[in-house]
file protein_19.tsv (TSV, C-alpha atoms and all ligand atoms)
chain	number	residue	atom	x	y	z
I	1	MET	CA	-30.18	38.63	21.93
I	2	PRO	CA	-31.44	35.47	23.54
I	3	SER	CA	-29.57	32.31	22.76
I	4	THR	CA	-30.74	30.48	19.69
I	5	ASN	CA	-28.81	27.43	20.82
I	6	ALA	CA	-31.02	26.05	23.51
I	7	PRO	CA	-33.55	23.78	21.86
I	8	SER	CA	-35.93	22.14	24.28
I	9	TYR	CA	-36.30	18.65	22.97
I	10	PRO	CA	-39.33	16.68	23.98
I	11	SER	CA	-38.42	13.68	26.05
I	12	GLY	CA	-38.38	10.44	24.18
I	13	GLN	CA	-36.19	8.16	22.19
I	14	PHE	CA	-32.97	9.53	20.91
I	15	ALA	CA	-31.40	7.90	17.92
I	16	THR	CA	-29.95	10.34	15.44
I	17	ARG	CA	-26.47	11.63	15.80
I	18	GLU	CA	-27.11	15.33	15.76
I	19	GLU	CA	-29.28	15.50	18.82
I	20	GLU	CA	-26.89	13.45	20.87
I	21	HIS	CA	-24.52	16.32	21.02
I	22	ILE	CA	-26.44	17.99	23.76
I	23	MET	CA	-26.17	21.72	23.61
I	24	ASP	CA	-25.80	23.65	26.81
I	25	GLY	CA	-27.28	26.86	25.46
I	26	SER	CA	-24.12	28.82	26.17
I	27	LEU	CA	-23.51	29.89	22.59
I	28	THR	CA	-25.17	33.01	21.29
I	29	THR	CA	-24.99	33.01	17.54
I	30	PRO	CA	-26.39	36.05	15.76
I	31	LEU	CA	-27.71	34.05	12.86
I	32	HIS	CA	-30.40	35.36	10.57
I	33	PHE	CA	-33.28	33.09	9.62
I	34	PRO	CA	-34.97	34.49	6.52
I	35	VAL	CA	-37.92	32.09	6.59
I	36	ALA	CA	-39.54	31.80	10.01
I	37	THR	CA	-41.82	28.84	9.39
I	38	SER	CA	-41.07	25.43	8.00
I	39	PRO	CA	-43.14	23.65	5.34
I	40	SER	CA	-46.08	21.62	6.61
I	41	ALA	CA	-46.43	17.91	5.85
I	42	GLY	CA	-46.47	17.12	2.14
I	43	GLU	CA	-45.93	20.79	1.20
I	44	THR	CA	-42.89	22.68	0.00
I	45	ILE	CA	-41.60	26.24	0.36
I	46	THR	CA	-39.73	27.90	-2.50
I	47	ILE	CA	-36.34	29.02	-1.21
I	48	ALA	CA	-35.01	30.36	-4.52
I	49	PRO	CA	-35.97	29.84	-8.17
I	50	GLY	CA	-35.81	26.09	-8.73
I	51	VAL	CA	-35.05	25.28	-5.08
I	52	GLU	CA	-37.85	23.85	-2.95
I	53	TRP	CA	-37.68	23.01	0.77
I	54	LEU	CA	-39.62	20.13	2.28
I	55	ARG	CA	-39.66	18.45	5.66
I	56	MET	CA	-40.02	14.83	6.58
I	57	PRO	CA	-40.74	13.37	10.02
I	58	LEU	CA	-38.26	11.36	12.09
I	59	PRO	CA	-39.21	8.90	14.83
I	60	PHE	CA	-36.85	10.55	17.32
I	61	ALA	CA	-36.76	13.49	19.68
I	62	LEU	CA	-35.14	15.39	16.82
I	63	ASP	CA	-38.35	14.97	14.91
I	64	HIS	CA	-37.64	16.30	11.41
I	65	ILE	CA	-35.18	16.47	8.54
I	66	ASN	CA	-35.07	19.06	5.77
I	67	LEU	CA	-34.90	17.75	2.21
I	68	TRP	CA	-34.52	19.71	-1.00
I	69	LEU	CA	-36.04	19.50	-4.48
I	70	LEU	CA	-34.05	21.07	-7.30
I	71	GLU	CA	-35.76	21.75	-10.61
I	72	ASP	CA	-33.71	19.96	-13.21
I	73	GLY	CA	-34.86	20.50	-16.78
I	74	PRO	CA	-37.43	17.83	-17.58
I	75	GLY	CA	-37.48	16.49	-14.03
I	76	TRP	CA	-36.42	16.98	-10.43
I	77	THR	CA	-33.29	16.23	-8.47
I	78	ILE	CA	-33.96	15.23	-4.85
I	79	VAL	CA	-31.34	16.02	-2.23
I	80	ASP	CA	-31.60	13.51	0.65
I	81	ALA	CA	-34.29	10.89	0.92
I	82	GLY	CA	-35.69	10.75	4.47
I	83	TYR	CA	-35.96	7.95	7.03
I	84	ALA	CA	-37.84	4.85	5.91
I	85	MET	CA	-41.23	4.74	7.61
I	86	PRO	CA	-44.83	4.88	6.39
I	87	GLU	CA	-45.32	8.57	7.21
I	88	THR	CA	-42.37	9.51	5.00
I	89	THR	CA	-43.45	7.45	2.00
I	90	ALA	CA	-46.99	8.87	2.35
I	91	GLN	CA	-45.61	12.39	2.29
I	92	TRP	CA	-43.45	11.62	-0.72
I	93	ASP	CA	-46.60	10.41	-2.49
I	94	ARG	CA	-48.26	13.75	-1.77
I	95	ILE	CA	-45.22	15.60	-3.08
I	96	PHE	CA	-45.14	13.47	-6.23
I	97	ALA	CA	-48.85	14.06	-6.87
I	98	GLY	CA	-48.63	17.78	-6.22
I	99	ARG	CA	-45.45	19.78	-6.25
I	100	LEU	CA	-43.62	17.87	-8.99
I	101	ARG	CA	-46.26	18.97	-11.50
I	102	GLY	CA	-46.23	15.59	-13.18
I	103	LEU	CA	-42.48	15.70	-13.84
I	104	PRO	CA	-40.35	12.72	-12.85
I	105	VAL	CA	-37.57	12.44	-10.31
I	106	THR	CA	-34.46	12.01	-12.43
I	107	ARG	CA	-31.72	11.89	-9.79
I	108	ILE	CA	-31.33	11.32	-6.04
I	109	ILE	CA	-28.39	13.04	-4.40
I	110	VAL	CA	-27.56	11.90	-0.86
I	111	THR	CA	-25.28	13.97	1.36
I	112	HIS	CA	-24.24	11.09	3.66
I	113	HIS	CA	-25.10	7.61	4.85
I	114	HIS	CA	-26.99	8.36	8.08
I	115	PRO	CA	-30.48	6.82	8.02
I	116	ASP	CA	-32.45	10.06	7.97
I	117	HIS	CA	-30.56	11.06	4.80
I	118	ILE	CA	-30.15	7.87	2.75
I	119	GLY	CA	-33.05	5.87	4.25
I	120	LEU	CA	-35.48	5.94	1.32
I	121	ALA	CA	-32.90	6.30	-1.46
I	122	GLY	CA	-33.42	2.70	-2.54
I	123	TRP	CA	-37.21	3.13	-2.60
I	124	LEU	CA	-36.98	6.39	-4.54
I	125	SER	CA	-34.45	4.95	-6.96
I	126	GLU	CA	-36.65	1.91	-7.67
I	127	ARG	CA	-39.80	3.94	-7.99
I	128	TRP	CA	-38.40	6.46	-10.45
I	129	GLN	CA	-35.66	4.34	-12.00
I	130	ALA	CA	-33.42	7.24	-11.00
I	131	PRO	CA	-29.73	6.95	-10.11
I	132	LEU	CA	-28.22	7.61	-6.71
I	133	TRP	CA	-25.47	10.24	-6.60
I	134	THR	CA	-23.28	10.31	-3.51
I	135	THR	CA	-19.65	10.03	-2.46
I	136	GLU	CA	-17.87	6.71	-2.54
I	137	LYS	CA	-17.28	6.41	1.21
I	138	GLU	CA	-20.87	7.27	2.05
I	139	TRP	CA	-22.18	4.70	-0.45
I	140	LEU	CA	-19.80	2.04	0.86
I	141	PHE	CA	-20.76	2.69	4.49
I	142	ALA	CA	-24.46	2.56	3.66
I	143	ARG	CA	-24.11	-0.67	1.70
I	144	LEU	CA	-21.98	-2.20	4.48
I	145	MET	CA	-24.34	-1.25	7.28
I	146	SER	CA	-27.56	-2.14	5.50
I	147	ARG	CA	-26.51	-5.63	4.48
I	148	GLY	CA	-24.77	-8.73	5.68
I	149	ALA	CA	-24.09	-10.38	9.00
I	150	ASP	CA	-23.10	-8.29	11.97
I	151	ASP	CA	-19.83	-9.71	13.28
I	152	SER	CA	-18.79	-6.71	15.35
I	153	ARG	CA	-20.74	-7.30	18.54
I	154	LYS	CA	-17.69	-8.36	20.60
I	155	LEU	CA	-15.73	-5.46	19.15
I	156	ARG	CA	-18.35	-2.98	20.33
I	157	ARG	CA	-18.65	-4.58	23.76
I	158	ASP	CA	-14.85	-4.43	24.29
I	159	PHE	CA	-14.83	-0.83	23.05
I	160	ALA	CA	-17.41	0.15	25.68
I	161	ARG	CA	-15.51	-1.72	28.41
I	162	ARG	CA	-12.26	0.09	27.61
I	163	ALA	CA	-14.20	3.35	27.77
I	164	GLY	CA	-15.24	2.50	31.33
I	165	GLN	CA	-18.76	1.12	30.87
I	166	ASP	CA	-19.66	-1.79	33.18
I	167	GLU	CA	-20.46	-5.26	31.86
I	168	SER	CA	-24.21	-4.81	31.43
I	169	ALA	CA	-23.92	-1.32	29.93
I	170	SER	CA	-21.31	-2.67	27.50
I	171	GLU	CA	-23.73	-5.38	26.41
I	172	LEU	CA	-26.38	-2.75	25.73
I	173	PHE	CA	-23.85	-0.66	23.84
I	174	ALA	CA	-23.04	-3.66	21.65
I	175	GLU	CA	-26.69	-3.89	20.61
I	176	HIS	CA	-27.03	-0.24	19.81
I	177	HIS	CA	-26.28	-0.24	16.11
I	178	HIS	CA	-28.97	-2.68	15.08
I	179	GLY	CA	-31.35	0.13	14.19
I	180	TYR	CA	-29.61	1.11	10.95
I	181	ARG	CA	-31.42	-1.35	8.73
I	182	ARG	CA	-34.79	-0.26	10.11
I	183	GLY	CA	-34.28	3.21	8.69
I	184	VAL	CA	-32.40	2.06	5.60
I	185	PRO	CA	-34.12	-1.02	4.17
I	186	SER	CA	-32.16	-0.88	0.91
I	187	VAL	CA	-29.34	1.03	-0.73
I	188	PRO	CA	-29.07	1.14	-4.54
I	189	PRO	CA	-26.47	-1.39	-5.75
I	190	SER	CA	-24.77	1.19	-7.95
I	191	PHE	CA	-24.09	4.90	-7.68
I	192	GLN	CA	-22.72	7.93	-9.47
I	193	ARG	CA	-19.71	9.27	-7.62
I	194	LEU	CA	-19.53	12.75	-6.13
I	195	ALA	CA	-16.14	13.89	-4.86
I	196	GLU	CA	-14.44	17.03	-3.60
I	197	GLY	CA	-14.56	19.58	-6.40
I	198	SER	CA	-17.13	17.72	-8.53
I	199	VAL	CA	-19.42	20.08	-10.38
I	200	VAL	CA	-22.99	18.91	-10.91
I	201	GLU	CA	-25.19	20.76	-13.35
I	202	ILE	CA	-28.73	20.93	-12.05
I	203	GLY	CA	-31.33	22.89	-13.98
I	204	GLY	CA	-28.66	24.85	-15.85
I	205	ARG	CA	-26.85	25.87	-12.66
I	206	GLU	CA	-23.54	24.59	-11.39
I	207	TRP	CA	-23.43	23.07	-7.91
I	208	ARG	CA	-19.95	22.34	-6.60
I	209	VAL	CA	-19.31	19.52	-4.13
I	210	ILE	CA	-17.39	20.40	-0.98
I	211	THR	CA	-16.81	17.32	1.16
I	212	GLY	CA	-16.70	17.30	4.93
I	213	GLU	CA	-15.31	14.80	7.43
I	214	GLY	CA	-15.73	14.17	11.13
I	215	HIS	CA	-19.49	13.84	11.34
I	216	SER	CA	-19.50	11.32	8.53
I	217	PRO	CA	-16.62	10.00	6.39
I	218	GLU	CA	-17.17	11.94	3.17
I	219	LEU	CA	-20.25	14.14	3.52
I	220	ALA	CA	-21.18	16.02	0.36
I	221	CYS	CA	-22.14	19.68	0.75
I	222	LEU	CA	-23.41	21.38	-2.43
I	223	TYR	CA	-22.60	24.99	-3.19
I	224	CYS	CA	-24.15	27.08	-5.97
I	225	ALA	CA	-22.22	30.33	-6.44
I	226	GLU	CA	-24.77	31.69	-8.91
I	227	THR	CA	-27.60	31.65	-6.38
I	228	SER	CA	-25.31	31.89	-3.32
I	229	ILE	CA	-26.79	28.79	-1.69
I	230	LEU	CA	-25.05	26.05	0.28
I	231	ILE	CA	-26.78	22.75	1.02
I	232	SER	CA	-24.78	21.84	4.10
I	233	GLY	CA	-26.19	18.44	5.10
I	234	ASP	CA	-25.22	17.90	8.73
I	235	GLN	CA	-21.77	19.46	8.40
I	236	VAL	CA	-23.01	22.82	9.70
I	237	LEU	CA	-26.29	23.09	11.60
I	238	PRO	CA	-27.64	26.32	13.07
I	239	LYS	CA	-28.92	25.23	16.48
I	240	ILE	CA	-27.31	21.94	17.34
I	241	SER	CA	-23.74	20.80	17.03
I	242	PRO	CA	-23.20	17.91	14.62
I	243	ASN	CA	-22.23	14.75	16.45
I	244	VAL	CA	-18.53	13.93	16.10
I	245	SER	CA	-17.87	10.44	17.43
I	246	VAL	CA	-15.19	7.80	17.71
I	247	GLN	CA	-16.70	4.47	16.75
I	248	ALA	CA	-15.82	0.96	17.77
I	249	HIS	CA	-14.50	-0.08	14.36
I	250	GLU	CA	-11.79	2.60	14.51
I	251	PRO	CA	-11.14	3.21	18.22
I	252	ASP	CA	-7.99	5.32	17.80
I	253	SER	CA	-9.45	7.66	15.19
I	254	ASP	CA	-9.42	11.44	15.53
I	255	PRO	CA	-12.65	12.63	13.89
I	256	LEU	CA	-12.60	15.95	15.72
I	257	SER	CA	-9.41	17.02	13.92
I	258	ARG	CA	-11.01	16.13	10.62
I	259	PHE	CA	-14.24	17.91	11.52
I	260	LEU	CA	-12.44	21.13	12.48
I	261	ARG	CA	-10.27	21.01	9.36
I	262	SER	CA	-13.38	20.51	7.24
I	263	LEU	CA	-15.01	23.55	8.81
I	264	ASP	CA	-11.93	25.61	8.00
I	265	ARG	CA	-12.03	24.46	4.40
I	266	LEU	CA	-15.73	25.22	4.14
I	267	ARG	CA	-15.16	28.73	5.48
I	268	GLY	CA	-12.45	29.23	2.87
I	269	ALA	CA	-14.59	27.89	0.03
I	270	VAL	CA	-17.96	29.51	0.70
I	271	PRO	CA	-18.55	33.25	1.19
I	272	ALA	CA	-19.98	34.49	4.48
I	273	GLU	CA	-23.15	35.90	2.92
I	274	THR	CA	-24.27	32.53	1.53
I	275	LEU	CA	-27.73	31.21	2.42
I	276	VAL	CA	-27.20	27.89	4.19
I	277	LEU	CA	-29.76	25.10	3.80
I	278	PRO	CA	-29.08	22.71	6.71
I	279	SER	CA	-30.63	19.29	7.30
I	280	HIS	CA	-32.15	20.31	10.63
I	281	ASN	CA	-33.76	23.52	11.90
I	282	LEU	CA	-34.15	26.53	9.60
I	283	PRO	CA	-32.23	27.95	6.60
I	284	PHE	CA	-29.91	30.68	7.82
I	285	PHE	CA	-27.39	33.37	7.03
I	286	GLY	CA	-24.23	33.52	9.13
I	287	LEU	CA	-22.13	30.58	7.93
I	288	HIS	CA	-18.76	31.92	9.07
I	289	THR	CA	-20.15	32.97	12.45
I	290	ARG	CA	-21.66	29.55	12.97
I	291	ILE	CA	-18.44	27.80	11.97
I	292	GLY	CA	-16.62	29.95	14.51
I	293	ASP	CA	-19.14	29.04	17.20
I	294	LEU	CA	-18.88	25.33	16.49
I	295	ALA	CA	-15.10	25.47	16.74
I	296	ALA	CA	-15.38	27.49	19.99
I	297	HIS	CA	-17.82	24.94	21.36
I	298	HIS	CA	-15.31	22.13	20.84
I	299	ARG	CA	-12.48	24.21	22.30
I	300	ALA	CA	-14.61	24.79	25.40
I	301	ARG	CA	-15.25	21.06	25.70
I	302	CYS	CA	-11.51	20.40	25.39
I	303	ALA	CA	-10.78	22.93	28.16
I	304	GLU	CA	-13.29	21.21	30.47
I	305	ILE	CA	-11.70	17.84	29.76
I	306	MET	CA	-8.19	19.16	30.39
I	307	ALA	CA	-9.29	20.55	33.75
I	308	ALA	CA	-10.91	17.25	34.74
I	309	CYS	CA	-7.89	15.23	33.57
I	310	ALA	CA	-5.62	16.66	36.20
I	311	ARG	CA	-6.52	13.22	37.61
I	312	PRO	CA	-6.86	10.14	35.37
I	313	GLN	CA	-10.34	9.82	33.85
I	314	SER	CA	-12.06	7.32	31.61
I	315	ALA	CA	-14.46	8.44	28.89
I	316	THR	CA	-17.34	7.23	31.07
I	317	GLU	CA	-16.08	9.17	34.08
I	318	LEU	CA	-16.00	12.33	31.96
I	319	LEU	CA	-19.60	12.11	30.80
I	320	PRO	CA	-21.00	14.13	33.74
I	321	VAL	CA	-18.44	16.82	32.92
I	322	LEU	CA	-19.51	17.02	29.29
I	323	PHE	CA	-23.22	16.22	29.49
I	324	ARG	CA	-24.96	17.75	32.44
I	325	ARG	CA	-28.14	15.74	32.36
I	326	PRO	CA	-28.97	12.06	32.70
I	327	LEU	CA	-28.39	10.03	29.55
I	328	ASP	CA	-30.48	7.11	28.43
I	329	ARG	CA	-28.67	4.24	26.78
I	330	HIS	CA	-29.15	5.57	23.26
I	331	GLN	CA	-27.75	8.93	24.24
I	332	MET	CA	-24.98	7.18	26.17
I	333	ALA	CA	-23.63	5.51	23.04
I	334	PHE	CA	-23.33	8.80	21.19
I	335	ALA	CA	-22.07	10.68	24.22
I	336	LEU	CA	-19.34	8.10	24.76
I	337	GLY	CA	-18.23	8.42	21.14
I	338	GLU	CA	-18.24	12.18	21.43
I	339	ALA	CA	-16.20	12.14	24.66
I	340	LEU	CA	-13.66	9.85	23.01
I	341	ALA	CA	-13.47	12.17	20.00
I	342	HIS	CA	-12.27	14.95	22.29
I	343	LEU	CA	-9.96	12.63	24.24
I	344	ASN	CA	-8.31	11.23	21.10
I	345	TYR	CA	-7.96	14.75	19.71
I	346	LEU	CA	-6.21	16.00	22.85
I	347	THR	CA	-4.05	12.86	22.96
I	348	GLY	CA	-3.03	13.46	19.35
I	349	LEU	CA	-2.01	16.99	20.25
I	350	GLY	CA	0.16	15.65	23.07
I	351	ALA	CA	-1.93	17.36	25.74
I	352	LEU	CA	-3.25	14.11	27.22
I	353	ALA	CA	-1.66	10.74	27.79
I	354	ARG	CA	-3.64	7.50	27.63
I	355	LEU	CA	-2.96	4.59	29.95
I	356	LEU	CA	-4.63	1.19	30.02
I	357	ASP	CA	-5.40	0.58	33.70
I	358	SER	CA	-5.29	-2.77	35.44
I	359	ASP	CA	-9.11	-2.90	35.30
I	360	GLY	CA	-8.95	-2.92	31.48
I	361	VAL	CA	-10.16	0.67	31.17
I	362	ASN	CA	-8.35	3.39	29.25
I	363	ARG	CA	-7.77	6.48	31.39
I	364	PHE	CA	-6.53	9.83	30.22
I	365	THR	CA	-4.51	12.31	32.18
I	366	SER	CA	-2.86	15.59	31.32
I	367	ALA	CA	0.50	14.86	29.76
I	368	SER	CA	2.34	17.07	32.25
I	369	ALA	CA	0.65	15.30	35.20
I	370	SER	CA	1.63	11.90	33.84
I	371	LEU	CA	5.35	12.69	33.71
X	401	ZN	ZN	-25.73	12.92	9.94

call {"tool": "encode", "arguments": {"input": "protein_19.tsv", "output": "structure tokens"}}
result
Amino acid sequence: MPSTNAPSYPSGQFATREEEHIMDGSLTTPLHFPVATSPSAGETITIAPGVEWLRMPLPFALDHINLWLLEDGPGWTIVDAGYAMPETTAQWDRIFAGRLRGLPVTRIIVTHHHPDHIGLAGWLSERWQAPLWTTEKEWLFARLMSRGADDSRKLRRDFARRAGQDESASELFAEHHHGYRRGVPSVPPSFQRLAEGSVVEIGGREWRVITGEGHSPELACLYCAETSILISGDQVLPKISPNVSVQAHEPDSDPLSRFLRSLDRLRGAVPAETLVLPSHNLPFFGLHTRIGDLAAHHRARCAEIMAACARPQSATELLPVLFRRPLDRHQMAFALGEALAHLNYLTGLGALARLLDSDGVNRFTSASASL
């Protein structure tokens, strides 16, 4: 069958993490998409009894996010809030006036702290006097990034320099993170904690929390065995590979190891025949197949890096190997983080060695070549 992994994104601004992991269309996943069309603006589609699917716009090339409404006794639980912008609040107003049938929102569950997911959580929480439920790390990250002075500019500039970016590109990289507060104007000052293994009763059904790492520090997936549904957030997406990035505040981290381990745990915890509700693209069947494809994708990237690192390479020098099209500066920031995720992973395995060159740039070479 033709590849389902080759989305053709419109040109334009890139800013969310998922789209920055540019797919090369080489994967052919035989996924099954039971609903061919997505809900139109301000409308919902019933996925299962008590489970409604809605879409909100994003101001990026990846132009949408899927959100979920779960019927919850005398009210509704919302899963993920959408990016803060007038179009999204207008669509929420239409949903409130229509689909909620006059019932209130009683709880806001957020899978992780990225702006398209937690963006309007503060607005929703204020409007409905409803609590935010999320994991501790995601709440802390969101609170940290949406408030306070930014004292990490030099850190980010030095991070980009060590990765091989020139002076002016490193300056641009240092500015890159300022967009968070635009999409996340407020984060509720308190929260109800979700954690691995938590069971949340929603509308008389049990939803179990399975946390994932690597894309985000403690992303909450929700699994309902009774209806055989998994709300996967960005941990597993059907057509694009979730961005896995090293970030300046933890330059030696190994998020790819954590991401791959999380996928393994998810495969062990959730049966193959489960309907997956992802944050982007369409609901699908084929969870275990998709997990296998994502792992294979990263293995292929690692093989390409190993071949290139027969000679010493910086993260910047590897970008043309990993991303075969020109990158604008927004894409560059994510691509650099993604390249470093693979480099740190291979270094942790002992396959690569890292050396700080005399020009202040970290270069990686195959461990056998460096002996
Ligand atoms: Zn995300």

call {"tool": "closest_residue", "arguments": {"input": "protein_19.tsv", "among": "I:Ile95, I:Asp166, I:Pro278, I:Glu52", "to": "ligand ZN 401 (chain X)", "atoms": "only C-alpha atoms and all ligand atoms"}}
result
I:Pro278

call {"tool": "closest_atom_pairs", "arguments": {"input": "protein_19.tsv", "of": "chain I", "to": "ligand ZN 401 (chain X)", "cutoff": "12 Å", "atoms": "all atoms listed in the file", "output": "Markdown table"}}
result
| residue | atom | partner | partner_atom | distance |
| --- | --- | --- | --- | --- |
| I:Ala15 | CA | X:ZN401 | ZN | 11.0 |
| I:Thr16 | CA | X:ZN401 | ZN | 7.4 |
| I:Arg17 | CA | X:ZN401 | ZN | 6.0 |
| I:Glu18 | CA | X:ZN401 | ZN | 6.4 |
| I:Glu19 | CA | X:ZN401 | ZN | 9.9 |
| I:Glu20 | CA | X:ZN401 | ZN | 11.0 |
| I:His21 | CA | X:ZN401 | ZN | 11.7 |
| I:Leu62 | CA | X:ZN401 | ZN | 11.9 |
| I:Ile65 | CA | X:ZN401 | ZN | 10.2 |
| I:Asn66 | CA | X:ZN401 | ZN | 11.9 |
| I:Asp80 | CA | X:ZN401 | ZN | 11.0 |
| I:Gly82 | CA | X:ZN401 | ZN | 11.6 |
| I:Tyr83 | CA | X:ZN401 | ZN | 11.7 |
| I:Val110 | CA | X:ZN401 | ZN | 11.0 |
| I:Thr111 | CA | X:ZN401 | ZN | 8.7 |
| I:His112 | CA | X:ZN401 | ZN | 6.7 |
| I:His113 | CA | X:ZN401 | ZN | 7.4 |
| I:His114 | CA | X:ZN401 | ZN | 5.1 |
| I:Pro115 | CA | X:ZN401 | ZN | 8.0 |
| I:Asp116 | CA | X:ZN401 | ZN | 7.6 |
| I:His117 | CA | X:ZN401 | ZN | 7.3 |
| I:Ile118 | CA | X:ZN401 | ZN | 9.8 |
| I:Gly119 | CA | X:ZN401 | ZN | 11.6 |
| I:Glu138 | CA | X:ZN401 | ZN | 10.9 |
| I:Gly212 | CA | X:ZN401 | ZN | 11.2 |
| I:Glu213 | CA | X:ZN401 | ZN | 10.9 |
| I:Gly214 | CA | X:ZN401 | ZN | 10.1 |
| I:His215 | CA | X:ZN401 | ZN | 6.5 |
| I:Ser216 | CA | X:ZN401 | ZN | 6.6 |
| I:Pro217 | CA | X:ZN401 | ZN | 10.2 |
| I:Glu218 | CA | X:ZN401 | ZN | 11.0 |
| I:Leu219 | CA | X:ZN401 | ZN | 8.5 |
| I:Ala220 | CA | X:ZN401 | ZN | 11.0 |
| I:Cys221 | CA | X:ZN401 | ZN | 12.0 |
| I:Ser232 | CA | X:ZN401 | ZN | 10.7 |
| I:Gly233 | CA | X:ZN401 | ZN | 7.4 |
| I:Asp234 | CA | X:ZN401 | ZN | 5.2 |
| I:Gln235 | CA | X:ZN401 | ZN | 7.8 |
| I:Val236 | CA | X:ZN401 | ZN | 10.3 |
| I:Leu237 | CA | X:ZN401 | ZN | 10.3 |
| I:Ile240 | CA | X:ZN401 | ZN | 11.8 |
| I:Ser241 | CA | X:ZN401 | ZN | 10.8 |
| I:Pro242 | CA | X:ZN401 | ZN | 7.3 |
| I:Asn243 | CA | X:ZN401 | ZN | 7.6 |
| I:Val244 | CA | X:ZN401 | ZN | 9.5 |
| I:Ser245 | CA | X:ZN401 | ZN | 11.1 |
| I:Pro278 | CA | X:ZN401 | ZN | 10.8 |
| I:Ser279 | CA | X:ZN401 | ZN | 8.5 |
| I:His280 | CA | X:ZN401 | ZN | 9.8 |

call {"tool": "closest_residue", "arguments": {"input": "protein_19.tsv", "among": "I:Phe60, I:Phe323, I:Phe364, I:Phe173", "to": "Leu155 of chain I", "atoms": "only C-alpha atoms"}}
result
I:Phe173

call {"tool": "residues_near_point", "arguments": {"input": "protein_19.tsv", "point": "(-42.3, 10.9, -4.5)", "cutoff": "12 Å", "atoms": "only C-alpha atoms", "output": "PyMOL selection string"}}
result
chain I and resi 42-43+54+56+69+76-78+81-82+88-108+120-121+123-130

call {"tool": "residues_around", "arguments": {"input": "protein_19.tsv", "residues": "Arg153 of chain I", "least_positions_apart": "6", "cutoff": "9 Å", "atoms": "only C-alpha atoms", "output": "list of chain:residue names"}}
result
I:Glu171, I:Ala174, I:Glu175

call {"tool": "atom_distance", "arguments": {"input": "protein_19.tsv", "atom1": "atom CA of Met332 of chain I", "atom2": "atom CA of Val187 of chain I"}}
result
27.9 Å

call {"tool": "closest_residue", "arguments": {"input": "protein_19.tsv", "among": "I:Pro255, I:Pro320, I:Pro49, I:Pro312", "to": "Tyr345 of chain I", "atoms": "only C-alpha atoms"}}
result
I:Pro255

call {"tool": "closest_residue", "arguments": {"input": "protein_19.tsv", "among": "I:Leu352, I:Arg193, I:Glu273, I:Leu256", "to": "Ala307 of chain I", "atoms": "only C-alpha atoms"}}
result
I:Leu352
